[in-house]
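Colleague: Submitted below is the structure of interest, expressed as structure tokens.
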Amino acid sequence: MEITDLTPAERRVREAFPLGEGVDLREGPEDDPAAGAAWGPERTVRAEVLRALLVDGDSRAGEIAGLKLAGARITGQLDLRYGVVQHSIRLRSCYFAEGPMLYGAQLRALVLSDSVLPAFTAAALRVEGVLRMSRCRIAGPVRLAGSQIAGAVFLDGARLGGSPDDPDPSDVPNCSDGPDGPNASDGP
């Protein structure tokens, strides 16, 4: 993919990736990813750009590369089937137009906290670290059959199989105010 093909938002992600730095496209703390379908080009990142970084992206000398993106509308399908990704993936508060395809992928860590997805296909997935989907909203099927997660799986406050417009799970009292609760860091 040529640099001339990238939008300004995609350029920011590409420049931050080799340094392991984050790109936050959110407009404010109350920004709800359920409204992501209406987000404009300034917040849109194509899944094929993310895939290219994850599969072929390098780190800068002395830095640890990683994908850290918040508040993006991700268009297209993030297809990492059978891929081996050496970088951590952190896509927080993102809106996915299509469910990611992670069947048989090998990942270091995957964080999708606070994101909205139409589905999640990750059967036979292998994750060396954590799979964190705290407060995710996934309307369609979630497929994790045969997956191996070496670390922990976090699904606190997640809503699986409902409309992204359902009430916010943080409005429902629960026991998730401890170290892994809504105010916790998402780690890797």
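Starting from 1 in every chain, residues are counted up; chains themselves are A, B, ... following the order of the structure tokens, and ligands are numbered from 1 as listed.
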So which bits of chain A end up strand (DSSP E) when you DSSP the backbone, as a ChimeraX atom specification?
Modeller: /A:22-24,44-46,66-70,73-75,88-92,95-96,106-107,110-111,116-117,120-121,126-127,131-132,137-138,142-143,148-149,153-154,159-160
Colleague: Looking at A:Leu102, A:Ala37, A:Leu112, A:Ala152, which one is nearest to Arg135 of chain A, with distances taken over only C-alpha atoms?
Modeller: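 Closest to Arg135 of chain A of all the choices is A:Leu112.
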Colleague: May I have the residues within 12 Å of segment 26-35 of chain A as a VMD selection string, using only C-alpha atoms and disregarding those fewer than 5 positions away in the same chain?
Modeller: chain A and resid 9 40 42 to 44 69 to 74 91 to 97 112 to 118 135 to 139 163 to 168
Colleague: One decimal, in Å: what's the spacing between atom CA of Gly157 of chain A and atom CA of Ala109 of chain A?
Modeller: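 One can read the atom CA of Gly157 of chain A to atom CA of Ala109 of chain A distance as 19.4 Å.
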Colleague: Pick out each residue of segment 48-97 of chain A that DSSP on the backbone tags as helix (DSSP H, G or I); I need them as a PyMOL selection string.
Modeller: chain A and resi 48-56
Colleague: Excluding Gly129 of chain A and any residue of its chain fewer than 3 positions from it, enumerate the residues within 9 Å of it, using only C-alpha atoms, and give them as an NGL selection string.
Modeller: :A and (107-110 or 149-152 or 188)
Colleague: Which residue is closest to Ile64 of chain A? Choose from A:Ala16, A:Leu144, A:Leu155, A:Val130 and count only C-alpha atoms.
Modeller: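 Checking each candidate against Ile64 of chain A, we get A:Ala16 as the closest.
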Colleague: Atom CA of Val55 of chain A and atom CA of Ala158 of chain A, how far apart in Å?
Modeller: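 If I compute the distance from atom CA of Ala158 of chain A to atom CA of Val55 of chain A, I get 28.1 Å.
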Colleague: For Arg90 of chain A, which of A:Leu67, A:Val142, A:Leu78, A:Ala105 is the closest residue, counting only C-alpha atoms?
Modeller: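 Ranked by minimum distance to Arg90 of chain A, first place goes to A:Leu67.
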Colleague: With only C-alpha atoms as the counted atoms, please give the residues lying no more than 9 Å from Leu54 of chain A, apart from itself and same-chain residues fewer than 2 positions off, as a list in words.
Modeller: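 Close residues of Leu54 of chain A: Phe17, Val49, Leu50, Arg51, Ala52, Asp56, Gly57, Asp58, Gly66, Leu67, Leu80, Val84, Val85, Gln86, His87, Ser88 and Ile89 of chain A.
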Colleague: Just how far from atom CA of Ala65 of chain A is atom CA of Val111 of chain A, in Å to one decimal?
Modeller: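 Between atom CA of Val111 of chain A and atom CA of Ala65 of chain A the gap works out to 15.2 Å.
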Colleague: At a cut-off of 8 Å, using only C-alpha atoms, what residues contact Ala145 of chain A? Leave out same-chain residues fewer than 6 positions from it and give the result as a ChimeraX atom specification.
Modeller: /A:122-124
Colleague: Generate the output file for the selected residues, all heavy atoms, as a PDB file, in the first residue's frame.
Modeller:
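Result written to again31.pdb:
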ATOM      1  N   ALA A 122     -13.490 -15.856  15.882  1.00  0.00           N
ATOM      2  CA  ALA A 122     -12.120 -16.085  16.327  1.00  0.00           C
ATOM      3  C   ALA A 122     -11.922 -17.520  16.801  1.00  0.00           C
ATOM      4  O   ALA A 122     -11.159 -17.773  17.737  1.00  0.00           O
ATOM      5  CB  ALA A 122     -11.764 -15.097  17.433  1.00  0.00           C
ATOM      6  N   ALA A 123     -12.607 -18.474  16.184  1.00  0.00           N
ATOM      7  CA  ALA A 123     -12.401 -19.873  16.535  1.00  0.00           C
ATOM      8  C   ALA A 123     -10.951 -20.240  16.248  1.00  0.00           C
ATOM      9  O   ALA A 123     -10.331 -19.713  15.327  1.00  0.00           O
ATOM     10  CB  ALA A 123     -13.349 -20.766  15.740  1.00  0.00           C
ATOM     11  N   ALA A 124     -10.391 -21.099  17.066  1.00  0.00           N
ATOM     12  CA  ALA A 124      -9.005 -21.571  16.944  1.00  0.00           C
ATOM     13  C   ALA A 124      -7.978 -20.444  17.089  1.00  0.00           C
ATOM     14  O   ALA A 124      -6.832 -20.594  16.694  1.00  0.00           O
ATOM     15  CB  ALA A 124      -8.803 -22.346  15.636  1.00  0.00           C
TER      16      ALA A 124
END
Colleague: When distances are computed from only C-alpha atoms, which of A:Arg60, A:Arg132, A:Arg143, A:Arg126 shows the smallest separation from Pro100 of chain A?
Modeller: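 Ranking A:Arg60, A:Arg132, A:Arg143, A:Arg126 by distance to Pro100 of chain A, first place goes to A:Arg143.
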